[in-house]
Amino acid sequence: TLCFPDVEVEQGFLKSRLPNLSKFAFIGLGLALSFTASCFAMMLLLGWSTGGQVFVASVEGVRLSQARACIIGSIGVVCTIAMIVARSDRLIAYLGARGFERALMVAACLVLLFTVMQHPWYLAKTLGTSNPEKVISDPVRWTDDGLMLMMDIVLTG
């Protein structure tokens, strides 16, 4: 939020932009949810055990693809809950304008955190894979550039 010298002016400003914020948050979260659904569809169509041909078909690859599916599912859950809050006038009234903004920021931070965690390189290193190049099917394709683009898309949406 912006810093106003007068609390009443700040509250008026927050309340005046609340309907637009609610509408655009719903749209942005809906886009993130549709991206999550497309990730699940790719995993189902291209092979669940390899995480949509992201990982090599091995015991370690299956473990990583299951962890990635759980993280992508967590993104979907966060987006769904935030969309429900964004469309519920009763919950918005309960949270207030400032609380609603803070709830949206928490949702955005969680989605970014989960986005980084589902990236094959970071996931493999986080789960203790000694050599991620042997587990990731196309190591050159999964770079930090793609991760930064995905995070930019999430933040812009």
# chains A, B, ... in the order shown; residues from 1 in each chain; ligands from 1
>>> select_by_dssp(residues="stretch 91-147 of chain A", states="helix (DSSP H, G or I)", output="NGL selection string")
:A and (91-118 or 120-126 or 132-135 or 144-147)
>>> write_last_selection(atoms="N, CA and C atoms", output="tab-separated table (two decimals), in the first residue's frame")
chain	number	residue	atom	x	y	z
A	91	LEU	N	-16.18	-12.27	2.46
A	91	LEU	CA	-14.79	-12.44	2.92
A	91	LEU	C	-14.00	-11.15	2.77
A	92	ILE	N	-14.25	-10.42	1.69
A	92	ILE	CA	-13.55	-9.14	1.49
A	92	ILE	C	-13.96	-8.16	2.58
A	93	ALA	N	-15.24	-8.13	2.92
A	93	ALA	CA	-15.69	-7.23	4.00
A	93	ALA	C	-15.08	-7.64	5.33
A	94	TYR	N	-14.94	-8.95	5.55
A	94	TYR	CA	-14.34	-9.43	6.79
A	94	TYR	C	-12.86	-9.03	6.87
A	95	LEU	N	-12.13	-9.19	5.76
A	95	LEU	CA	-10.71	-8.86	5.74
A	95	LEU	C	-10.46	-7.36	5.73
A	96	GLY	N	-11.36	-6.61	5.12
A	96	GLY	CA	-11.14	-5.18	4.94
A	96	GLY	C	-10.25	-4.96	3.73
A	97	ALA	N	-10.13	-3.73	3.32
A	97	ALA	CA	-9.35	-3.41	2.11
A	97	ALA	C	-7.88	-3.75	2.28
A	98	ARG	N	-7.31	-3.35	3.41
A	98	ARG	CA	-5.89	-3.62	3.64
A	98	ARG	C	-5.64	-5.12	3.82
A	99	GLY	N	-6.50	-5.80	4.53
A	99	GLY	CA	-6.34	-7.24	4.71
A	99	GLY	C	-6.47	-8.01	3.41
A	100	PHE	N	-7.37	-7.54	2.54
A	100	PHE	CA	-7.53	-8.18	1.24
A	100	PHE	C	-6.27	-8.02	0.40
A	101	GLU	N	-5.68	-6.82	0.42
A	101	GLU	CA	-4.42	-6.62	-0.31
A	101	GLU	C	-3.32	-7.51	0.24
A	102	ARG	N	-3.27	-7.62	1.54
A	102	ARG	CA	-2.24	-8.47	2.15
A	102	ARG	C	-2.46	-9.94	1.81
A	103	ALA	N	-3.71	-10.37	1.79
A	103	ALA	CA	-4.01	-11.75	1.42
A	103	ALA	C	-3.60	-12.03	-0.02
A	104	LEU	N	-3.83	-11.08	-0.90
A	104	LEU	CA	-3.40	-11.25	-2.29
A	104	LEU	C	-1.88	-11.29	-2.40
A	105	MET	N	-1.19	-10.50	-1.60
A	105	MET	CA	0.27	-10.52	-1.63
A	105	MET	C	0.81	-11.87	-1.12
A	106	VAL	N	0.18	-12.41	-0.09
A	106	VAL	CA	0.59	-13.72	0.42
A	106	VAL	C	0.38	-14.78	-0.67
A	107	ALA	N	-0.77	-14.71	-1.35
A	107	ALA	CA	-1.04	-15.68	-2.43
A	107	ALA	C	-0.01	-15.53	-3.55
A	108	ALA	N	0.31	-14.30	-3.92
A	108	ALA	CA	1.31	-14.08	-4.99
A	108	ALA	C	2.68	-14.61	-4.57
A	109	CYS	N	3.07	-14.38	-3.33
A	109	CYS	CA	4.36	-14.88	-2.86
A	109	CYS	C	4.39	-16.40	-2.82
A	110	LEU	N	3.29	-17.02	-2.40
A	110	LEU	CA	3.24	-18.48	-2.38
A	110	LEU	C	3.32	-19.06	-3.79
A	111	VAL	N	2.62	-18.44	-4.73
A	111	VAL	CA	2.68	-18.92	-6.11
A	111	VAL	C	4.09	-18.78	-6.66
A	112	LEU	N	4.77	-17.68	-6.37
A	112	LEU	CA	6.16	-17.52	-6.83
A	112	LEU	C	7.08	-18.54	-6.17
A	113	LEU	N	6.90	-18.77	-4.89
A	113	LEU	CA	7.72	-19.76	-4.21
A	113	LEU	C	7.51	-21.15	-4.80
A	114	PHE	N	6.26	-21.53	-5.01
A	114	PHE	CA	5.98	-22.83	-5.61
A	114	PHE	C	6.46	-22.91	-7.05
A	115	THR	N	6.43	-21.79	-7.78
A	115	THR	CA	6.92	-21.77	-9.15
A	115	THR	C	8.41	-22.07	-9.19
A	116	VAL	N	9.15	-21.49	-8.27
A	116	VAL	CA	10.59	-21.78	-8.20
A	116	VAL	C	10.81	-23.22	-7.78
A	117	MET	N	10.02	-23.70	-6.83
A	117	MET	CA	10.21	-25.06	-6.33
A	117	MET	C	9.89	-26.14	-7.36
A	118	GLN	N	8.98	-25.86	-8.32
A	118	GLN	CA	8.64	-26.90	-9.30
A	118	GLN	C	9.62	-26.93	-10.48
A	120	PRO	N	12.63	-27.93	-12.58
A	120	PRO	CA	13.35	-29.20	-12.46
A	120	PRO	C	14.72	-29.12	-11.78
A	121	TRP	N	15.52	-28.11	-12.10
A	121	TRP	CA	16.84	-28.01	-11.50
A	121	TRP	C	16.76	-27.77	-10.00
A	122	TYR	N	15.93	-26.82	-9.59
A	122	TYR	CA	15.82	-26.50	-8.17
A	122	TYR	C	15.16	-27.64	-7.41
A	123	LEU	N	14.18	-28.29	-8.02
A	123	LEU	CA	13.51	-29.41	-7.36
A	123	LEU	C	14.49	-30.56	-7.14
A	124	ALA	N	15.29	-30.86	-8.17
A	124	ALA	CA	16.25	-31.95	-8.05
A	124	ALA	C	17.29	-31.66	-6.96
A	125	LYS	N	17.78	-30.44	-6.92
A	125	LYS	CA	18.77	-30.09	-5.90
A	125	LYS	C	18.17	-30.04	-4.51
A	126	THR	N	16.92	-29.55	-4.41
A	126	THR	CA	16.27	-29.46	-3.11
A	126	THR	C	16.01	-30.84	-2.53
A	132	PRO	N	21.79	-33.73	-11.06
A	132	PRO	CA	20.52	-33.46	-11.75
A	132	PRO	C	20.58	-33.68	-13.26
A	133	GLU	N	21.76	-33.56	-13.87
A	133	GLU	CA	21.87	-33.74	-15.32
A	133	GLU	C	21.49	-35.15	-15.75
A	134	LYS	N	21.65	-36.13	-14.87
A	134	LYS	CA	21.31	-37.51	-15.21
A	134	LYS	C	19.83	-37.79	-15.01
A	135	VAL	N	19.13	-36.94	-14.28
A	135	VAL	CA	17.71	-37.17	-13.98
A	135	VAL	C	16.81	-36.33	-14.88
A	144	ASP	N	17.55	-21.05	-16.21
A	144	ASP	CA	17.02	-19.97	-15.37
A	144	ASP	C	16.25	-18.94	-16.19
A	145	ASP	N	16.56	-18.85	-17.49
A	145	ASP	CA	15.83	-17.91	-18.33
A	145	ASP	C	14.34	-18.26	-18.37
A	146	GLY	N	14.05	-19.55	-18.53
A	146	GLY	CA	12.66	-19.98	-18.55
A	146	GLY	C	11.97	-19.76	-17.21
A	147	LEU	N	12.72	-19.97	-16.13
A	147	LEU	CA	12.17	-19.73	-14.80
A	147	LEU	C	11.87	-18.25	-14.60
>>> residues_around(residues="stretch 23-35 of chain A", least_positions_apart="2", cutoff="10 Å", atoms="only C-alpha atoms", output="count of residues only")
34
>>> atom_distance(atom1="atom CA of A:Thr36", atom2="atom CA of A:Thr143")
19.5 Å
>>> atom_distance(atom1="atom CA of A:Asn131", atom2="atom CA of A:Leu149")
24.8 Å
>>> closest_residue(among="A:Gly47, A:Ser74, A:His119, A:Pro139", to="A:Met151", atoms="only C-alpha atoms")
A:His119
>>> residues_around(residues="stretch 42-44 of chain A", least_positions_apart="5", cutoff="12 Å", atoms="only C-alpha atoms", output="PDB file with N, CA, C and O atoms, in the first residue's frame")
ATOM      1  N   PHE A  35      -3.015 -22.102 -16.260  1.00  0.00           N
ATOM      2  CA  PHE A  35      -1.651 -22.554 -16.543  1.00  0.00           C
ATOM      3  C   PHE A  35      -1.339 -23.813 -15.739  1.00  0.00           C
ATOM      4  O   PHE A  35      -0.731 -24.759 -16.245  1.00  0.00           O
ATOM      5  N   THR A  36      -1.781 -23.841 -14.491  1.00  0.00           N
ATOM      6  CA  THR A  36      -1.580 -25.013 -13.653  1.00  0.00           C
ATOM      7  C   THR A  36      -2.298 -26.227 -14.235  1.00  0.00           C
ATOM      8  O   THR A  36      -1.742 -27.329 -14.277  1.00  0.00           O
ATOM      9  N   ALA A  37      -3.521 -26.015 -14.692  1.00  0.00           N
ATOM     10  CA  ALA A  37      -4.275 -27.113 -15.308  1.00  0.00           C
ATOM     11  C   ALA A  37      -3.586 -27.611 -16.565  1.00  0.00           C
ATOM     12  O   ALA A  37      -3.551 -28.828 -16.825  1.00  0.00           O
ATOM     13  N   SER A  49       4.824 -40.675 -15.101  1.00  0.00           N
ATOM     14  CA  SER A  49       6.012 -41.130 -14.377  1.00  0.00           C
ATOM     15  C   SER A  49       7.248 -40.306 -14.704  1.00  0.00           C
ATOM     16  O   SER A  49       8.197 -40.276 -13.928  1.00  0.00           O
ATOM     17  N   THR A  50       7.238 -39.639 -15.844  1.00  0.00           N
ATOM     18  CA  THR A  50       8.380 -38.785 -16.194  1.00  0.00           C
ATOM     19  C   THR A  50       8.069 -37.315 -15.985  1.00  0.00           C
ATOM     20  O   THR A  50       8.886 -36.456 -16.325  1.00  0.00           O
ATOM     21  N   GLY A  51       6.920 -36.997 -15.432  1.00  0.00           N
ATOM     22  CA  GLY A  51       6.563 -35.604 -15.189  1.00  0.00           C
ATOM     23  C   GLY A  51       6.336 -34.831 -16.468  1.00  0.00           C
ATOM     24  O   GLY A  51       6.667 -33.659 -16.549  1.00  0.00           O
ATOM     25  N   GLY A  52       5.767 -35.480 -17.476  1.00  0.00           N
ATOM     26  CA  GLY A  52       5.555 -34.830 -18.766  1.00  0.00           C
ATOM     27  C   GLY A  52       6.844 -34.745 -19.572  1.00  0.00           C
ATOM     28  O   GLY A  52       7.134 -33.736 -20.192  1.00  0.00           O
ATOM     29  N   GLN A  53       7.633 -35.791 -19.532  1.00  0.00           N
ATOM     30  CA  GLN A  53       8.921 -35.907 -20.216  1.00  0.00           C
ATOM     31  C   GLN A  53       9.931 -34.871 -19.729  1.00  0.00           C
ATOM     32  O   GLN A  53      10.826 -34.467 -20.453  1.00  0.00           O
ATOM     33  N   VAL A  54       9.793 -34.460 -18.477  1.00  0.00           N
ATOM     34  CA  VAL A  54      10.762 -33.548 -17.875  1.00  0.00           C
ATOM     35  C   VAL A  54      11.910 -34.334 -17.268  1.00  0.00           C
ATOM     36  O   VAL A  54      13.064 -33.948 -17.377  1.00  0.00           O
ATOM     37  N   PHE A  55      11.581 -35.468 -16.665  1.00  0.00           N
ATOM     38  CA  PHE A  55      12.588 -36.282 -16.001  1.00  0.00           C
ATOM     39  C   PHE A  55      12.775 -37.597 -16.746  1.00  0.00           C
ATOM     40  O   PHE A  55      11.902 -38.051 -17.476  1.00  0.00           O
ATOM     41  N   VAL A  62      10.822 -40.684 -11.159  1.00  0.00           N
ATOM     42  CA  VAL A  62       9.436 -40.834 -10.695  1.00  0.00           C
ATOM     43  C   VAL A  62       9.236 -40.059  -9.400  1.00  0.00           C
ATOM     44  O   VAL A  62       8.223 -39.368  -9.220  1.00  0.00           O
ATOM     45  N   SER A  65       9.085 -36.399 -10.291  1.00  0.00           N
ATOM     46  CA  SER A  65       7.852 -36.024 -10.996  1.00  0.00           C
ATOM     47  C   SER A  65       6.657 -36.019 -10.050  1.00  0.00           C
ATOM     48  O   SER A  65       5.763 -35.177 -10.184  1.00  0.00           O
ATOM     49  N   GLN A  66       6.640 -36.926  -9.075  1.00  0.00           N
ATOM     50  CA  GLN A  66       5.560 -36.908  -8.076  1.00  0.00           C
ATOM     51  C   GLN A  66       5.644 -35.663  -7.197  1.00  0.00           C
ATOM     52  O   GLN A  66       4.622 -35.040  -6.893  1.00  0.00           O
ATOM     53  N   ARG A  68       6.973 -32.824  -8.104  1.00  0.00           N
ATOM     54  CA  ARG A  68       6.602 -31.696  -8.969  1.00  0.00           C
ATOM     55  C   ARG A  68       5.084 -31.625  -9.135  1.00  0.00           C
ATOM     56  O   ARG A  68       4.504 -30.542  -9.130  1.00  0.00           O
ATOM     57  N   ALA A  69       4.431 -32.764  -9.259  1.00  0.00           N
ATOM     58  CA  ALA A  69       2.970 -32.777  -9.371  1.00  0.00           C
ATOM     59  C   ALA A  69       2.322 -32.235  -8.102  1.00  0.00           C
ATOM     60  O   ALA A  69       1.338 -31.479  -8.172  1.00  0.00           O
ATOM     61  N   CYS A  70       2.867 -32.573  -6.946  1.00  0.00           N
ATOM     62  CA  CYS A  70       2.326 -32.044  -5.684  1.00  0.00           C
ATOM     63  C   CYS A  70       2.512 -30.535  -5.593  1.00  0.00           C
ATOM     64  O   CYS A  70       1.607 -29.827  -5.137  1.00  0.00           O
ATOM     65  N   ILE A  72       2.817 -28.404  -8.155  1.00  0.00           N
ATOM     66  CA  ILE A  72       1.914 -27.784  -9.125  1.00  0.00           C
ATOM     67  C   ILE A  72       0.480 -27.821  -8.595  1.00  0.00           C
ATOM     68  O   ILE A  72      -0.278 -26.857  -8.738  1.00  0.00           O
ATOM     69  N   GLY A  73       0.108 -28.910  -7.945  1.00  0.00           N
ATOM     70  CA  GLY A  73      -1.209 -28.976  -7.317  1.00  0.00           C
ATOM     71  C   GLY A  73      -1.364 -27.937  -6.214  1.00  0.00           C
ATOM     72  O   GLY A  73      -2.437 -27.355  -6.039  1.00  0.00           O
TER      73      GLY A  73
END
